[in-house]
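Engineer: Starting off with a structure, shown below.
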Amino acid sequence: MQAKVKRIDHLGIIAGVAKDLGIADFINEMVGRKKLETVSAGDVVVGMILNGLAFISRPLMLTPQFFENKPLELLIGKGVKAEHMNRHKLGRVLDRVQQCGTEFIFKQISLKACQQEKVDMTFAHADTTTYSLTGEYDQDFDTERIEITYGHSKAKRPDLKQVVQELITSQDGGIPLITKAFDGNASDTVILRERAQNLMKEFAKSGERIFVADSKLYASKTAETLNHMNFITRVPSTIKTEKAAIDQAIKADEKWNDIGNGYKIQEIDSDQFDIQDQRWIIIFSEQAQKRVKKTIGKAITKENERIKKEVLHLQAERFTCEEDAKKKALRIAKKWGLHTIMSMKLTPIRRCEKRGRPSKETPQTYEWQINVQFEPDEARIALKLQRRSCFVLATNVSNRKLPAQQVLINYKEQDKTEKGFAFLKGSSFFTSSLFIKKPGRIEGLLMIMVLSLLVYSIAQRRVRQQLKLLKSTIPNQINQPTNRPTMRWIFQLFEGVNLVLVQHQGSTISLLEGVTEIRQKIIDLLAGNTKEIYQNFKMAT
């Protein structure tokens, strides 16, 4: 009797959800299947998703090594072996995916997934990020491919070339809806403007869709597009009317509406950029005020040190009259942002007009020395603190459909996209694999990274939704009950699930080892192909 152990762990969940979403089938439908091809392009894509969501930070060229002790026929499909997942096969599949259009492929898979899972797509949150890349890249002559080049680095690595990625997610579950790669020097403002134009017609079909983005969306060049779609965005602090609206709200202290959680709001109508039916929500945040207090405190200390030097130099100067001395002091003080002059003391200094020892008849004149005492300008500091504790949101959705408080709540969900980027750029995910030298393959890999996020977020939403529906919980990392577990934690719970293949009298018996009560509960919550993968065998005792 011989036994062979294959590790499944949480990979059964990933493979099961990927099958539920039909990822492999759709990829094969789009890129086609070649004759005599043992492993399809769709199978390879699922393999890369499994590799990425294993969270082992293994470069793609080592994928065959990763799959050596995994039951690939169970996870991916019949006839699939580890050696099929080599870097040459992966590279060719990335080429084919890129040539078919990564944005279109992902959008169709995501749309089908959202419809299948009944994801609420009313709010679409958009943002961009950059990936820093090392080495030289073989720029193809195909102009449809992204250009790996230098640009504004959000990772603060201007010395490295980069690529820009856009991501739009749903508010419900943070499900990625749309993704696209751009040249490394692409502007965030231009990307959001183009995206808004592309979504305008799509949103026009359904008046309920609302585009949510940061302040880069709000500009005069985007105004015409915003007039034809529902939106929520932050008004840039560089706009003069934004500052005026905040000052007006601060003066009208009695008009603040306290909505709890440290927020107060006021609402006004606005015609900025001639955007129709526009509402501005002025928001005061106690949390922002606490942050600003620390920032201003540091600024006061820094300015204080600078002013001390200025005052010392001023005191060393001599002026021909008192008026000149005062004017110079006031001119210097005008540049102070957080301090003001407390007092000025003028001291006359006698001066002889001729050199040498003065006699009684030697004519004498006076020069003036000024000594300035300064202090923090409390009134100016208080006003600055109030101003910087406020921000303005703009929307053209009516108050009846979306009250001011809901505008704030929905804008704050913008962190769903930011969390998506944090997931993609995590140290244990695909980012370490961005060594591929062809821009087209980089574009394909970025799409597959977001496909991994799609599988992860759908699985997480499904578990949380079922736990809420059943009014049930599972233990978290500190053994406390929770109905909102992360999939990362669930993946960790599945460490130690193995498929044991026992050779006995010419036949193979498959046994599943390690399916505990809590793991079985999670399998039941996920249902679908996940349940089929984990329950297709006898349980080892």
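If you're wondering about the labels, chains in the structure tokens are A, B, ... by order shown, residues count from 1 in each chain, ligands from 1 in order shown.
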Excluding segment 255-261 of chain A and its own-chain neighbours fewer than 3 positions away, which residues fall within 12 Å of it when counting only C-alpha atoms? Please give them as JSON, numbers by chain.
Structural biologist: {"A": [246, 248, 249, 250, 251, 252, 264, 265, 266, 267, 268, 281, 282, 283, 284, 285, 286, 287, 390, 403, 404, 405, 406, 408, 409]}
Engineer: Can you check which residues of segment 80-328 of chain A DSSP gives as alpha helix (DSSP H) on the backbone and send them as JSON, numbers by chain?
Structural biologist: {"A": [87, 88, 89, 90, 91, 92, 93, 94, 95, 96, 97, 98, 99, 100, 102, 103, 104, 105, 106, 107, 108, 109, 110, 111, 112, 113, 114, 115, 116, 117, 188, 189, 190, 191, 192, 193, 194, 195, 196, 197, 198, 199, 200, 201, 202, 203, 204, 223, 224, 225, 226, 240, 241, 242, 243, 244, 245, 246, 247, 248, 249, 250, 251, 286, 287, 288, 289, 290, 291, 292, 293, 294, 295, 296, 297, 298, 299, 300, 301, 302, 303, 304, 305, 306, 307, 308, 309, 310, 311, 312, 313, 314, 315, 316, 322, 323, 324, 325, 326, 327, 328]}
Engineer: Looking at A:Leu402, A:Ile533, A:Ile13, A:Val450, which one is nearest to Asn230 of chain A, with distances taken over only C-alpha atoms?
Structural biologist: A:Leu402
Engineer: Quick one: distance from atom CA of Glu194 of chain A to atom CA of Phe123 of chain A in Å, one decimal?
Structural biologist: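 These two atoms are separated by 18.1 Å.
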Engineer: If we count only C-alpha atoms and set the cut-off at 6 Å, which residues sit around segment 95-98 of chain A, ignoring sequence neighbours fewer than 4 positions away in its own chain? Please answer as a PyMOL selection string.
Structural biologist: chain A and resi 102+441+444
Engineer: From the DSSP assignment of the backbone, select every residue of segment 278-499 of chain A that is strand (DSSP E), and format the answer as number ranges by chain.
Structural biologist: A: 278-285, 339-352, 364-376, 390-395, 474-475, 481-482, 498-499
Engineer: Keeping only N, CA and C atoms, take the residues you just selected and write them out as a compact mmCIF listing (two decimals), in the first residue's frame.
Structural biologist:
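What follows is the written file out-v9.txt:
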# COMPACT_ATOMS: atom_id res chain seq x y z
N GLN A 278 -26.67 71.20 -9.15
CA GLN A 278 -25.52 70.83 -8.34
C GLN A 278 -25.70 71.24 -6.88
N ARG A 279 -25.37 70.32 -5.99
CA ARG A 279 -25.41 70.57 -4.55
C ARG A 279 -24.01 70.46 -3.98
N TRP A 280 -23.68 71.36 -3.07
CA TRP A 280 -22.41 71.28 -2.34
C TRP A 280 -22.72 70.95 -0.89
N ILE A 281 -22.05 69.94 -0.37
CA ILE A 281 -22.20 69.55 1.04
C ILE A 281 -20.91 69.95 1.76
N ILE A 282 -21.00 70.97 2.64
CA ILE A 282 -19.83 71.38 3.42
C ILE A 282 -19.80 70.53 4.67
N ILE A 283 -18.68 69.88 4.93
CA ILE A 283 -18.58 68.90 6.01
C ILE A 283 -17.47 69.29 6.97
N PHE A 284 -17.80 69.33 8.25
CA PHE A 284 -16.80 69.53 9.31
C PHE A 284 -16.55 68.19 9.97
N SER A 285 -15.27 67.85 10.13
CA SER A 285 -14.90 66.55 10.69
C SER A 285 -14.03 66.73 11.93
N HIS A 339 1.91 83.66 13.04
CA HIS A 339 2.37 84.54 14.11
C HIS A 339 2.04 85.99 13.80
N THR A 340 2.12 86.81 14.83
CA THR A 340 1.87 88.24 14.66
C THR A 340 2.81 89.02 15.58
N ILE A 341 2.99 90.31 15.29
CA ILE A 341 3.85 91.16 16.12
C ILE A 341 3.12 91.51 17.41
N MET A 342 3.81 91.25 18.52
CA MET A 342 3.24 91.56 19.82
C MET A 342 3.61 92.98 20.23
N SER A 343 4.88 93.39 19.97
CA SER A 343 5.34 94.74 20.30
C SER A 343 6.58 95.09 19.48
N MET A 344 6.79 96.40 19.30
CA MET A 344 7.99 96.89 18.61
C MET A 344 8.63 97.97 19.48
N LYS A 345 9.93 97.84 19.74
CA LYS A 345 10.63 98.83 20.54
C LYS A 345 11.73 99.46 19.69
N LEU A 346 11.70 100.79 19.58
CA LEU A 346 12.67 101.52 18.77
C LEU A 346 13.71 102.19 19.68
N THR A 347 14.97 101.99 19.37
CA THR A 347 16.06 102.54 20.17
C THR A 347 16.93 103.45 19.29
N PRO A 348 17.08 104.74 19.69
CA PRO A 348 17.94 105.65 18.91
C PRO A 348 19.42 105.36 19.19
N ILE A 349 20.21 105.37 18.15
CA ILE A 349 21.67 105.15 18.28
C ILE A 349 22.38 106.35 17.67
N ARG A 350 23.17 107.04 18.51
CA ARG A 350 23.86 108.25 18.04
C ARG A 350 24.98 107.88 17.08
N ARG A 351 25.12 108.68 16.05
CA ARG A 351 26.13 108.41 15.03
C ARG A 351 26.77 109.71 14.58
N CYS A 352 28.10 109.72 14.50
CA CYS A 352 28.83 110.91 14.02
C CYS A 352 28.94 110.87 12.50
N GLN A 364 26.23 115.49 14.75
CA GLN A 364 25.80 114.12 15.08
C GLN A 364 24.36 113.89 14.60
N THR A 365 24.12 112.65 14.17
CA THR A 365 22.76 112.25 13.76
C THR A 365 22.39 110.98 14.52
N TYR A 366 21.16 110.57 14.31
CA TYR A 366 20.69 109.35 14.99
C TYR A 366 20.22 108.31 13.96
N GLU A 367 20.52 107.04 14.26
CA GLU A 367 19.97 105.91 13.53
C GLU A 367 19.08 105.14 14.50
N TRP A 368 18.22 104.30 13.91
CA TRP A 368 17.24 103.62 14.76
C TRP A 368 17.40 102.10 14.66
N GLN A 369 17.34 101.50 15.82
CA GLN A 369 17.36 100.04 15.93
C GLN A 369 15.99 99.57 16.42
N ILE A 370 15.48 98.50 15.80
CA ILE A 370 14.15 98.03 16.18
C ILE A 370 14.24 96.62 16.79
N ASN A 371 13.51 96.43 17.86
CA ASN A 371 13.43 95.13 18.52
C ASN A 371 11.97 94.67 18.48
N VAL A 372 11.74 93.52 17.85
CA VAL A 372 10.37 93.03 17.65
C VAL A 372 10.10 91.82 18.53
N GLN A 373 9.00 91.86 19.24
CA GLN A 373 8.51 90.71 20.00
C GLN A 373 7.30 90.14 19.27
N PHE A 374 7.27 88.81 19.11
CA PHE A 374 6.17 88.19 18.35
C PHE A 374 5.54 87.07 19.16
N GLU A 375 4.36 86.64 18.72
CA GLU A 375 3.61 85.58 19.40
C GLU A 375 2.69 84.89 18.39
N PRO A 376 2.23 83.67 18.69
CA PRO A 376 1.29 82.99 17.80
C PRO A 376 0.02 83.81 17.64
N CYS A 390 -12.60 71.25 7.44
CA CYS A 390 -13.78 71.15 6.58
C CYS A 390 -13.37 70.75 5.17
N PHE A 391 -14.27 70.11 4.48
CA PHE A 391 -14.11 69.83 3.06
C PHE A 391 -15.48 69.86 2.40
N VAL A 392 -15.50 69.90 1.08
CA VAL A 392 -16.76 70.06 0.34
C VAL A 392 -16.93 68.92 -0.65
N LEU A 393 -18.12 68.34 -0.64
CA LEU A 393 -18.49 67.31 -1.62
C LEU A 393 -19.51 67.90 -2.58
N ALA A 394 -19.38 67.54 -3.85
CA ALA A 394 -20.32 68.01 -4.87
C ALA A 394 -21.08 66.82 -5.44
N THR A 395 -22.36 67.01 -5.71
CA THR A 395 -23.18 65.97 -6.33
C THR A 395 -24.31 66.63 -7.09
N ILE A 474 -18.36 33.01 12.84
CA ILE A 474 -17.23 32.08 12.97
C ILE A 474 -16.20 32.76 13.86
N PRO A 475 -15.31 32.02 14.50
CA PRO A 475 -14.31 32.65 15.36
C PRO A 475 -13.26 33.40 14.55
N PRO A 481 -16.35 35.73 18.20
CA PRO A 481 -17.29 35.53 17.08
C PRO A 481 -17.36 36.75 16.16
N THR A 482 -17.39 36.52 14.87
CA THR A 482 -17.52 37.61 13.90
C THR A 482 -18.36 37.13 12.72
N ASN A 498 -5.62 18.32 3.12
CA ASN A 498 -4.84 17.56 2.14
C ASN A 498 -5.68 16.50 1.46
N LEU A 499 -5.29 16.20 0.22
CA LEU A 499 -5.89 15.09 -0.50
C LEU A 499 -4.89 13.93 -0.45
Engineer: Could you tell me how far atom CA of Leu383 of chain A sits from atom CA of Ala299 of chain A, in Å to one decimal place?
Structural biologist: 14.8 Å
Engineer: Do a neighbour search on segment 485-496 of chain A at 9 Å with only C-alpha atoms, toss out local chain neighbours closer than 3 positions, and write the hits as a list in words.
Structural biologist: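 The residues that qualify are Arg7, Ile8, Asp9, His10, Leu11, Ile13, Ala54, Tyr456, Ser457, Ala459, Gln460, Val463, Arg464, Thr473, Ile474, Pro475, Asn476, Gln477, Thr482, Glu513, Gly514, Val515, Ile518, Arg519 and Ile522 of chain A.
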Engineer: Measuring atom to atom with only C-alpha atoms, identify which of A:Tyr263, A:Tyr131, A:Phe231, A:Phe182 is nearest to Lys161 of chain A.
Structural biologist: A:Tyr131
Engineer: Please provide as a PyMOL selection string all residues within 10 Å of Thr417 of chain A, with the sequence filter that same-chain residues fewer than 5 positions apart are discarded (counting only C-alpha atoms).
Structural biologist: chain A and resi 124-128+166-171+174-176+213+422-423
Engineer: Pick out the residues sitting within 8 Å of segment 218-220 of chain A, and hand them over as a list in words; count only C-alpha atoms, and ignore anything fewer than 5 positions along from it in its own chain.
Structural biologist: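 Close residues of segment 218-220 of chain A: Thr233, Arg234, Val235, Pro236 and Phe273 of chain A.
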Engineer: Counting only C-alpha atoms, figure out which residue out of A:Gln65, A:Asn227, A:Ser472, A:Asn399 gets nearest to Met85 of chain A.
Structural biologist: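 With only C-alpha atoms as the atom set, the closest residue is A:Gln65.
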Engineer: What gap, in Å, lies between atom CA of Thr189 of chain A and atom CA of Lys216 of chain A?
Structural biologist: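 Between these atoms lies a distance of 5.1 Å.
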Engineer: Quick one: of A:Gly173, A:Lys180, A:Cys100, A:Thr238, who's nearest to Lys416 of chain A, counting only C-alpha atoms?
Structural biologist: A:Gly173
